[in-house]
file entry37.cif (mmCIF, C-alpha atoms)
data_final
loop_
_atom_site.label_atom_id
_atom_site.label_comp_id
_atom_site.auth_asym_id
_atom_site.auth_seq_id
_atom_site.Cartn_x
_atom_site.Cartn_y
_atom_site.Cartn_z
CA MET A 1295 0.00 0.00 0.00
CA ILE A 1296 1.13 3.52 -0.79
CA GLY A 1297 -0.34 6.97 -0.37
CA VAL A 1298 -0.28 9.41 -3.26
CA TYR A 1299 -1.32 13.02 -2.78
CA PHE A 1300 -1.47 16.56 -4.00
CA SER A 1301 -1.56 19.16 -1.24
CA GLY A 1302 -1.25 22.89 -1.73
CA THR A 1303 -1.36 23.82 1.98
CA GLY A 1304 -0.32 20.58 3.68
CA ASN A 1305 -3.86 19.75 4.88
CA THR A 1306 -4.36 16.89 2.45
CA LYS A 1307 -0.89 15.47 3.09
CA TYR A 1308 -1.56 15.60 6.85
CA CYS A 1309 -4.84 13.68 6.45
CA LEU A 1310 -3.28 11.05 4.20
CA GLU A 1311 -0.31 10.51 6.51
CA MET A 1312 -2.62 10.05 9.48
CA PHE A 1313 -4.82 7.59 7.57
CA LEU A 1314 -1.77 5.56 6.49
CA ARG A 1315 -0.31 5.52 10.03
CA GLU A 1316 -3.58 4.06 11.31
CA ILE A 1317 -3.42 1.23 8.75
CA ASP A 1318 0.24 0.53 8.00
CA GLN A 1319 3.04 2.58 9.52
CA SER A 1320 5.46 1.34 6.86
CA ALA A 1321 3.32 2.64 3.96
CA LYS A 1322 5.03 5.26 1.81
CA CYS A 1323 3.41 8.63 1.20
CA LEU A 1324 4.40 10.40 -2.04
CA SER A 1325 3.44 13.62 -3.75
CA ILE A 1326 2.25 13.40 -7.35
CA GLU A 1327 5.23 15.70 -8.00
CA ASP A 1328 7.75 13.17 -6.62
CA GLY A 1329 9.99 11.67 -9.30
CA ASN A 1330 9.51 8.15 -7.91
CA VAL A 1331 5.72 8.21 -7.62
CA LEU A 1332 4.99 6.27 -10.83
CA SER A 1333 7.50 3.58 -9.94
CA GLU A 1334 5.87 3.20 -6.52
CA ILE A 1335 2.37 3.12 -8.03
CA SER A 1336 3.39 0.39 -10.45
CA GLN A 1337 4.67 -1.74 -7.54
CA SER A 1338 1.62 -1.37 -5.33
CA ASP A 1339 -1.78 -3.01 -5.62
CA ILE A 1340 -3.46 -0.67 -3.12
CA ILE A 1341 -3.28 3.12 -3.43
CA VAL A 1342 -4.75 5.72 -1.14
CA PHE A 1343 -5.12 8.79 -3.38
CA ALA A 1344 -5.67 12.13 -1.65
CA TYR A 1345 -6.39 15.56 -3.07
CA PRO A 1346 -8.17 18.80 -2.18
CA ILE A 1347 -11.38 19.84 -3.88
CA TYR A 1348 -11.24 23.11 -5.79
CA PHE A 1349 -14.62 24.59 -6.67
CA SER A 1350 -16.32 21.16 -6.42
CA ASN A 1351 -13.79 19.59 -8.78
CA LEU A 1352 -10.34 18.04 -9.04
CA PRO A 1353 -7.44 20.48 -9.16
CA LYS A 1354 -6.10 20.66 -12.71
CA ILE A 1355 -2.72 19.25 -11.62
CA VAL A 1356 -4.46 16.14 -10.22
CA ARG A 1357 -6.66 15.64 -13.29
CA ASP A 1358 -3.64 16.06 -15.58
CA PHE A 1359 -1.61 13.59 -13.48
CA ILE A 1360 -4.33 10.94 -13.68
CA ASP A 1361 -4.95 11.50 -17.41
CA LYS A 1362 -1.25 11.45 -18.28
CA ASN A 1363 -0.56 8.30 -16.23
CA LYS A 1364 -3.83 6.44 -16.73
CA SER A 1365 -2.21 3.08 -17.49
CA TYR A 1366 -0.61 3.02 -14.02
CA PHE A 1367 -4.05 2.94 -12.35
CA ALA A 1368 -5.55 0.04 -14.29
CA TYR A 1369 -6.74 -2.74 -11.96
CA LYS A 1370 -5.35 -1.03 -8.85
CA LYS A 1371 -7.50 -0.89 -5.71
CA ILE A 1372 -7.85 2.83 -4.89
CA PHE A 1373 -9.28 4.50 -1.82
CA ILE A 1374 -9.85 8.25 -2.19
CA ILE A 1375 -9.48 10.98 0.41
CA ALA A 1376 -10.89 14.37 -0.61
CA THR A 1377 -10.33 17.43 1.57
CA MET A 1378 -12.31 20.65 1.33
CA GLY A 1379 -12.76 23.96 3.08
CA LEU A 1380 -16.46 24.65 2.73
CA PHE A 1381 -18.17 21.94 0.69
CA SER A 1382 -16.94 19.17 -1.55
CA GLY A 1383 -19.55 18.87 -4.22
CA ASP A 1384 -18.82 15.35 -5.42
CA GLY A 1385 -15.23 15.37 -4.07
CA ALA A 1386 -14.28 11.71 -3.98
CA VAL A 1387 -16.76 10.81 -6.74
CA VAL A 1388 -15.06 13.14 -9.23
CA GLY A 1389 -11.73 11.34 -8.81
CA ALA A 1390 -13.39 7.93 -8.64
CA THR A 1391 -15.24 8.52 -11.90
CA LEU A 1392 -12.05 9.49 -13.71
CA LEU A 1393 -10.04 6.61 -12.24
CA ARG A 1394 -12.79 4.08 -13.03
CA LYS A 1395 -12.62 5.25 -16.64
CA TYR A 1396 -9.02 4.00 -16.59
CA LYS A 1397 -10.05 0.62 -15.07
CA ALA A 1398 -9.14 1.33 -11.45
CA LYS A 1399 -11.12 -0.50 -8.76
CA ILE A 1400 -12.46 2.11 -6.32
CA ALA A 1401 -12.49 0.73 -2.77
CA GLY A 1402 -14.25 3.71 -1.15
CA GLY A 1403 -13.81 7.32 -0.27
CA LEU A 1404 -13.60 9.80 2.54
CA HIS A 1405 -14.54 13.49 2.56
CA LEU A 1406 -12.78 15.62 5.16
CA LYS A 1407 -13.50 19.21 6.02
CA MET A 1408 -10.26 21.04 6.86
CA PRO A 1409 -9.34 24.69 7.42
CA ASP A 1410 -9.50 26.54 4.14
CA CYS A 1411 -6.52 28.19 2.47
CA ILE A 1412 -8.61 31.13 1.28
CA GLY A 1413 -8.45 33.72 4.04
CA ASP A 1414 -9.92 36.74 2.29
CA GLU A 1415 -13.37 35.23 1.72
CA LYS A 1416 -15.73 35.91 4.63
CA ALA A 1417 -17.51 32.53 4.33
CA LEU A 1418 -14.18 30.70 4.63
CA LYS A 1419 -12.57 32.76 7.40
CA ARG A 1420 -12.69 31.09 10.81
CA PRO A 1421 -11.16 31.82 14.19
CA LEU A 1422 -8.25 29.65 15.36
CA GLU A 1423 -10.35 27.70 17.87
CA GLN A 1424 -12.88 26.80 15.20
CA ASN A 1425 -10.09 25.61 12.88
CA LYS A 1426 -8.70 23.46 15.70
CA LEU A 1427 -12.14 21.92 16.17
CA ILE A 1428 -12.42 21.22 12.43
CA ILE A 1429 -9.05 19.41 12.56
CA ARG A 1430 -10.04 17.33 15.60
CA GLN A 1431 -13.27 16.31 13.88
CA ALA A 1432 -11.35 15.32 10.74
CA GLU A 1433 -8.90 13.28 12.82
CA THR A 1434 -11.78 11.41 14.46
CA LYS A 1435 -13.27 10.68 11.04
CA ILE A 1436 -9.87 9.48 9.71
CA ILE A 1437 -9.42 7.04 12.61
CA LYS A 1438 -12.93 5.64 12.12
CA ALA A 1439 -12.44 5.28 8.35
CA ALA A 1440 -9.06 3.57 8.83
CA LYS A 1441 -10.61 1.03 11.21
CA LEU A 1442 -13.30 0.28 8.62
CA PHE A 1443 -10.68 0.02 5.88
CA LYS A 1444 -8.70 -2.50 7.95
CA LYS A 1445 -11.88 -4.57 8.37
CA ASN A 1446 -12.30 -4.48 4.57
CA CYS A 1447 -15.44 -2.31 4.93
CA PRO A 1448 -14.19 1.10 3.78
CA PRO A 1449 -16.56 4.04 3.75
#

call {"tool": "encode", "arguments": {"input": "entry37.cif", "output": "structure tokens"}}
result
Amino acid sequence: MIGVYFSGTGNTKYCLEMFLREIDQSAKCLSIEDGNVLSEISQSDIIVFAYPIYFSNLPKIVRDFIDKNKSYFAYKKIFIIATMGLFSGDGAVVGATLLRKYKAKIAGGLHLKMPDCIGDEKALKRPLEQNKLIIRQAETKIIKAAKLFKKNCPP
């Protein structure tokens, strides 16, 4: 098992690392920008793919990565983690739909609300204590999802 992510602020990477630690502390966690990521994907049957949601969609860099490397995902078991600041739209479903198109087997998905990186938008601005609460709630959700994943009943 490996974790593959794109994370502009570090939120998504944090969530993926926590999920992987709960399941397999030896699992590698690689950015889609890492030079070894495709080699690691080709050697793993299970991939936890994590990305943030931008305007209810995949970030362009994530979509381009999947499209460009579609053959690497064929017949891989993929669990998706989608992080968002306000709402996800179809967060995990957007990635799952694209990956299924390339013959990936989607094992499940997890949506996690995290502090938003946009600080100048009133709807997304939160006080520090509220952001801490959002993180604690996400951590609780990650632990629960990891337990289900280990029981082969992923969310």

call {"tool": "atom_distance", "arguments": {"input": "entry37.cif", "atom1": "CA of Tyr1396 in chain A", "atom2": "CA of Lys1364 in chain A"}}
result
5.7 Å

call {"tool": "closest_residue", "arguments": {"input": "entry37.cif", "among": "A:Pro1346, A:Gly1304, A:Pro1409, A:Pro1448", "to": "Lys1426 in chain A", "atoms": "all atoms listed in the file"}}
result
A:Pro1409

call {"tool": "closest_atom_pairs", "arguments": {"input": "entry37.cif", "of": "range 1316-1352 of chain A", "to": "range 1402-1407 of chain A", "cutoff": "12 Å", "atoms": "all atoms listed in the file", "output": "Markdown table"}}
result
| residue | atom | partner | partner_atom | distance |
| --- | --- | --- | --- | --- |
| A:Ile1340 | CA | A:Gly1402 | CA | 11.8 |
| A:Ile1341 | CA | A:Gly1402 | CA | 11.2 |
| A:Val1342 | CA | A:Gly1403 | CA | 9.2 |
| A:Phe1343 | CA | A:Gly1403 | CA | 9.3 |
| A:Ala1344 | CA | A:Leu1404 | CA | 9.3 |
| A:Tyr1345 | CA | A:His1405 | CA | 10.1 |
| A:Pro1346 | CA | A:Leu1406 | CA | 9.2 |
| A:Ile1347 | CA | A:His1405 | CA | 9.6 |
| A:Ser1350 | CA | A:His1405 | CA | 11.9 |

call {"tool": "resolve_selection", "arguments": {"input": "entry37.cif", "expression": "the PyMOL selection byres ((chain A and resi 1323) around 6)", "output": "MDAnalysis selection string"}}
result
chainID A and resid 1296:1298 1322 1324

call {"tool": "residues_near_point", "arguments": {"input": "entry37.cif", "point": "(-11.4, 21.4, 9.6)", "cutoff": "10 Å", "atoms": "all atoms listed in the file", "output": "PyMOL selection string"}}
result
chain A and resi 1305+1377-1380+1406-1410+1420+1424-1433

call {"tool": "resolve_selection", "arguments": {"input": "entry37.cif", "expression": "the PyMOL selection byres ((chain A and resi 1399) around 7)", "output": "list in words"}}
result
Tyr1369, Lys1370, Lys1371, Ile1372, Arg1394, Lys1397, Ala1398, Ile1400 and Ala1401 of chain A

call {"tool": "write_last_selection", "arguments": {"input": "entry37.cif", "atoms": "C-alpha atoms", "output": "compact mmCIF listing (two decimals), keeping the file's coordinate frame"}}
result
# COMPACT_ATOMS: atom_id res chain seq x y z
CA TYR A 1369 -6.74 -2.74 -11.96
CA LYS A 1370 -5.35 -1.03 -8.85
CA LYS A 1371 -7.50 -0.89 -5.71
CA ILE A 1372 -7.85 2.83 -4.89
CA ARG A 1394 -12.79 4.08 -13.03
CA LYS A 1397 -10.05 0.62 -15.07
CA ALA A 1398 -9.14 1.33 -11.45
CA ILE A 1400 -12.46 2.11 -6.32
CA ALA A 1401 -12.49 0.73 -2.77

call {"tool": "residues_around", "arguments": {"input": "entry37.cif", "residues": "Phe1359 in chain A", "least_positions_apart": "4", "cutoff": "8 Å", "atoms": "only C-alpha atoms", "output": "PDB file with C-alpha atoms, in the frame of the given file"}}
result
ATOM      1  CA  ILE A1326       2.250  13.400  -7.350  1.00  0.00           C
ATOM      2  CA  ILE A1355      -2.720  19.250 -11.620  1.00  0.00           C
ATOM      3  CA  ASN A1363      -0.560   8.300 -16.230  1.00  0.00           C
TER       4      ASN A1363
END

call {"tool": "closest_residue", "arguments": {"input": "entry37.cif", "among": "A:Leu1314, A:Met1295, A:Ala1368, A:Leu1422", "to": "Ala1440 in chain A", "atoms": "all atoms listed in the file"}}
result
A:Leu1314

call {"tool": "residues_around", "arguments": {"input": "entry37.cif", "residues": "Lys1445 in chain A", "least_positions_apart": "6", "cutoff": "12 Å", "atoms": "all atoms listed in the file", "output": "list in words"}}
result
Ile1317, Lys1438 and Ala1439 of chain A

call {"tool": "write_last_selection", "arguments": {"input": "entry37.cif", "atoms": "C-alpha atoms", "output": "CSV table (one decimal), in the frame of the given file"}}
result
chain,number,residue,atom,x,y,z
A,1317,ILE,CA,-3.4,1.2,8.8
A,1438,LYS,CA,-12.9,5.6,12.1
A,1439,ALA,CA,-12.4,5.3,8.4

call {"tool": "atom_distance", "arguments": {"input": "entry37.cif", "atom1": "CA of Glu1334 in chain A", "atom2": "CA of Thr1434 in chain A"}}
result
28.6 Å

call {"tool": "atom_distance", "arguments": {"input": "entry37.cif", "atom1": "CA of Tyr1299 in chain A", "atom2": "CA of Ser1325 in chain A"}}
result
4.9 Å

call {"tool": "closest_residue", "arguments": {"input": "entry37.cif", "among": "A:Gln1337, A:Phe1313, A:Asp1328, A:Arg1357", "to": "Lys1444 in chain A", "atoms": "only C-alpha atoms"}}
result
A:Phe1313

call {"tool": "closest_residue", "arguments": {"input": "entry37.cif", "among": "A:Leu1392, A:Val1387, A:Ile1375, A:Leu1332", "to": "Asp1358 in chain A", "atoms": "all atoms listed in the file"}}
result
A:Leu1392

call {"tool": "decode", "arguments": {"input": "entry37.cif", "residues": "range 1374-1414 of chain A", "atoms": "N, CA and C atoms", "output": "mmCIF file, in the first residue's frame"}}
result
data_model
loop_
_atom_site.group_PDB
_atom_site.id
_atom_site.type_symbol
_atom_site.label_atom_id
_atom_site.label_comp_id
_atom_site.auth_asym_id
_atom_site.auth_seq_id
_atom_site.Cartn_x
_atom_site.Cartn_y
_atom_site.Cartn_z
ATOM 1 N N ILE A 1374 -10.023 6.810 -1.964
ATOM 2 C CA ILE A 1374 -9.847 8.246 -2.190
ATOM 3 C C ILE A 1374 -10.135 9.046 -0.924
ATOM 4 N N ILE A 1375 -9.263 10.009 -0.653
ATOM 5 C CA ILE A 1375 -9.483 10.985 0.407
ATOM 6 C C ILE A 1375 -9.569 12.353 -0.259
ATOM 7 N N ALA A 1376 -10.687 13.027 -0.049
ATOM 8 C CA ALA A 1376 -10.892 14.372 -0.609
ATOM 9 C C ALA A 1376 -11.045 15.355 0.546
ATOM 10 N N THR A 1377 -10.233 16.394 0.540
ATOM 11 C CA THR A 1377 -10.332 17.432 1.570
ATOM 12 C C THR A 1377 -10.967 18.674 0.963
ATOM 13 N N MET A 1378 -11.658 19.442 1.819
ATOM 14 C CA MET A 1378 -12.314 20.651 1.329
ATOM 15 C C MET A 1378 -12.434 21.651 2.461
ATOM 16 N N GLY A 1379 -12.621 22.910 2.093
ATOM 17 C CA GLY A 1379 -12.762 23.960 3.084
ATOM 18 C C GLY A 1379 -14.200 24.243 3.447
ATOM 19 N N LEU A 1380 -15.074 24.286 2.476
ATOM 20 C CA LEU A 1380 -16.461 24.649 2.731
ATOM 21 C C LEU A 1380 -17.411 23.511 2.372
ATOM 22 N N PHE A 1381 -17.362 23.076 1.132
ATOM 23 C CA PHE A 1381 -18.173 21.940 0.693
ATOM 24 C C PHE A 1381 -17.416 21.228 -0.417
ATOM 25 N N SER A 1382 -17.731 19.961 -0.619
ATOM 26 C CA SER A 1382 -16.937 19.166 -1.552
ATOM 27 C C SER A 1382 -17.609 18.941 -2.892
ATOM 28 N N GLY A 1383 -18.868 19.271 -2.999
ATOM 29 C CA GLY A 1383 -19.547 18.869 -4.223
ATOM 30 C C GLY A 1383 -19.523 17.359 -4.272
ATOM 31 N N ASP A 1384 -18.940 16.802 -5.297
ATOM 32 C CA ASP A 1384 -18.817 15.353 -5.417
ATOM 33 C C ASP A 1384 -17.375 14.915 -5.203
ATOM 34 N N GLY A 1385 -16.642 15.604 -4.375
ATOM 35 C CA GLY A 1385 -15.230 15.373 -4.070
ATOM 36 C C GLY A 1385 -14.618 14.053 -4.464
ATOM 37 N N ALA A 1386 -14.885 13.010 -3.701
ATOM 38 C CA ALA A 1386 -14.285 11.710 -3.979
ATOM 39 C C ALA A 1386 -14.864 11.085 -5.248
ATOM 40 N N VAL A 1387 -16.117 11.391 -5.544
ATOM 41 C CA VAL A 1387 -16.761 10.815 -6.736
ATOM 42 C C VAL A 1387 -16.109 11.330 -8.016
ATOM 43 N N VAL A 1388 -15.685 12.578 -8.021
ATOM 44 C CA VAL A 1388 -15.057 13.141 -9.225
ATOM 45 C C VAL A 1388 -13.793 12.359 -9.576
ATOM 46 N N GLY A 1389 -12.946 12.125 -8.577
ATOM 47 C CA GLY A 1389 -11.730 11.344 -8.811
ATOM 48 C C GLY A 1389 -12.043 9.900 -9.133
ATOM 49 N N ALA A 1390 -13.019 9.329 -8.413
ATOM 50 C CA ALA A 1390 -13.392 7.932 -8.638
ATOM 51 C C ALA A 1390 -13.899 7.716 -10.061
ATOM 52 N N THR A 1391 -14.699 8.638 -10.541
ATOM 53 C CA THR A 1391 -15.243 8.524 -11.898
ATOM 54 C C THR A 1391 -14.123 8.517 -12.936
ATOM 55 N N LEU A 1392 -13.166 9.418 -12.769
ATOM 56 C CA LEU A 1392 -12.054 9.487 -13.713
ATOM 57 C C LEU A 1392 -11.182 8.232 -13.616
ATOM 58 N N LEU A 1393 -10.878 7.799 -12.408
ATOM 59 C CA LEU A 1393 -10.037 6.613 -12.237
ATOM 60 C C LEU A 1393 -10.723 5.340 -12.728
ATOM 61 N N ARG A 1394 -12.029 5.237 -12.514
ATOM 62 C CA ARG A 1394 -12.791 4.077 -13.031
ATOM 63 C C ARG A 1394 -12.711 4.013 -14.555
ATOM 64 N N LYS A 1395 -12.734 5.178 -15.176
ATOM 65 C CA LYS A 1395 -12.623 5.254 -16.640
ATOM 66 C C LYS A 1395 -11.333 4.577 -17.117
ATOM 67 N N TYR A 1396 -10.311 4.605 -16.254
ATOM 68 C CA TYR A 1396 -9.020 3.999 -16.588
ATOM 69 C C TYR A 1396 -8.849 2.630 -15.917
ATOM 70 N N LYS A 1397 -9.977 1.996 -15.573
ATOM 71 C CA LYS A 1397 -10.053 0.616 -15.071
ATOM 72 C C LYS A 1397 -9.547 0.429 -13.646
ATOM 73 N N ALA A 1398 -9.485 1.477 -12.862
ATOM 74 C CA ALA A 1398 -9.142 1.329 -11.448
ATOM 75 C C ALA A 1398 -10.342 0.761 -10.701
ATOM 76 N N LYS A 1399 -10.069 0.045 -9.615
ATOM 77 C CA LYS A 1399 -11.122 -0.496 -8.756
ATOM 78 C C LYS A 1399 -11.219 0.424 -7.533
ATOM 79 N N ILE A 1400 -12.299 1.156 -7.415
ATOM 80 C CA ILE A 1400 -12.461 2.109 -6.317
ATOM 81 C C ILE A 1400 -12.961 1.367 -5.082
ATOM 82 N N ALA A 1401 -12.185 1.457 -4.010
ATOM 83 C CA ALA A 1401 -12.494 0.733 -2.771
ATOM 84 C C ALA A 1401 -13.370 1.544 -1.823
ATOM 85 N N GLY A 1402 -13.466 2.856 -2.032
ATOM 86 C CA GLY A 1402 -14.248 3.709 -1.152
ATOM 87 C C GLY A 1402 -13.681 5.111 -1.159
ATOM 88 N N GLY A 1403 -14.260 5.935 -0.310
ATOM 89 C CA GLY A 1403 -13.806 7.317 -0.267
ATOM 90 C C GLY A 1403 -14.144 7.985 1.039
ATOM 91 N N LEU A 1404 -13.448 9.059 1.308
ATOM 92 C CA LEU A 1404 -13.596 9.802 2.544
ATOM 93 C C LEU A 1404 -13.522 11.291 2.243
ATOM 94 N N HIS A 1405 -14.525 12.035 2.707
ATOM 95 C CA HIS A 1405 -14.535 13.485 2.564
ATOM 96 C C HIS A 1405 -14.170 14.079 3.912
ATOM 97 N N LEU A 1406 -13.214 14.998 3.921
ATOM 98 C CA LEU A 1406 -12.779 15.615 5.162
ATOM 99 C C LEU A 1406 -12.799 17.135 5.048
ATOM 100 N N LYS A 1407 -13.521 17.757 5.945
ATOM 101 C CA LYS A 1407 -13.500 19.214 6.022
ATOM 102 C C LYS A 1407 -12.247 19.617 6.796
ATOM 103 N N MET A 1408 -11.488 20.536 6.229
ATOM 104 C CA MET A 1408 -10.260 21.035 6.856
ATOM 105 C C MET A 1408 -10.264 22.561 6.771
ATOM 106 N N PRO A 1409 -9.412 23.223 7.551
ATOM 107 C CA PRO A 1409 -9.339 24.689 7.425
ATOM 108 C C PRO A 1409 -9.024 25.078 5.985
ATOM 109 N N ASP A 1410 -9.663 26.126 5.524
ATOM 110 C CA ASP A 1410 -9.502 26.540 4.138
ATOM 111 C C ASP A 1410 -8.270 27.416 3.963
ATOM 112 N N CYS A 1411 -7.697 27.383 2.778
ATOM 113 C CA CYS A 1411 -6.517 28.186 2.471
ATOM 114 C C CYS A 1411 -6.893 29.586 1.991
ATOM 115 N N ILE A 1412 -8.174 29.817 1.756
ATOM 116 C CA ILE A 1412 -8.610 31.130 1.283
ATOM 117 C C ILE A 1412 -9.017 31.953 2.494
ATOM 118 N N GLY A 1413 -8.210 32.937 2.838
ATOM 119 C CA GLY A 1413 -8.455 33.722 4.038
ATOM 120 C C GLY A 1413 -9.138 35.051 3.805
ATOM 121 N N ASP A 1414 -9.320 35.431 2.550
ATOM 122 C CA ASP A 1414 -9.924 36.738 2.288
ATOM 123 C C ASP A 1414 -11.410 36.628 1.939
#
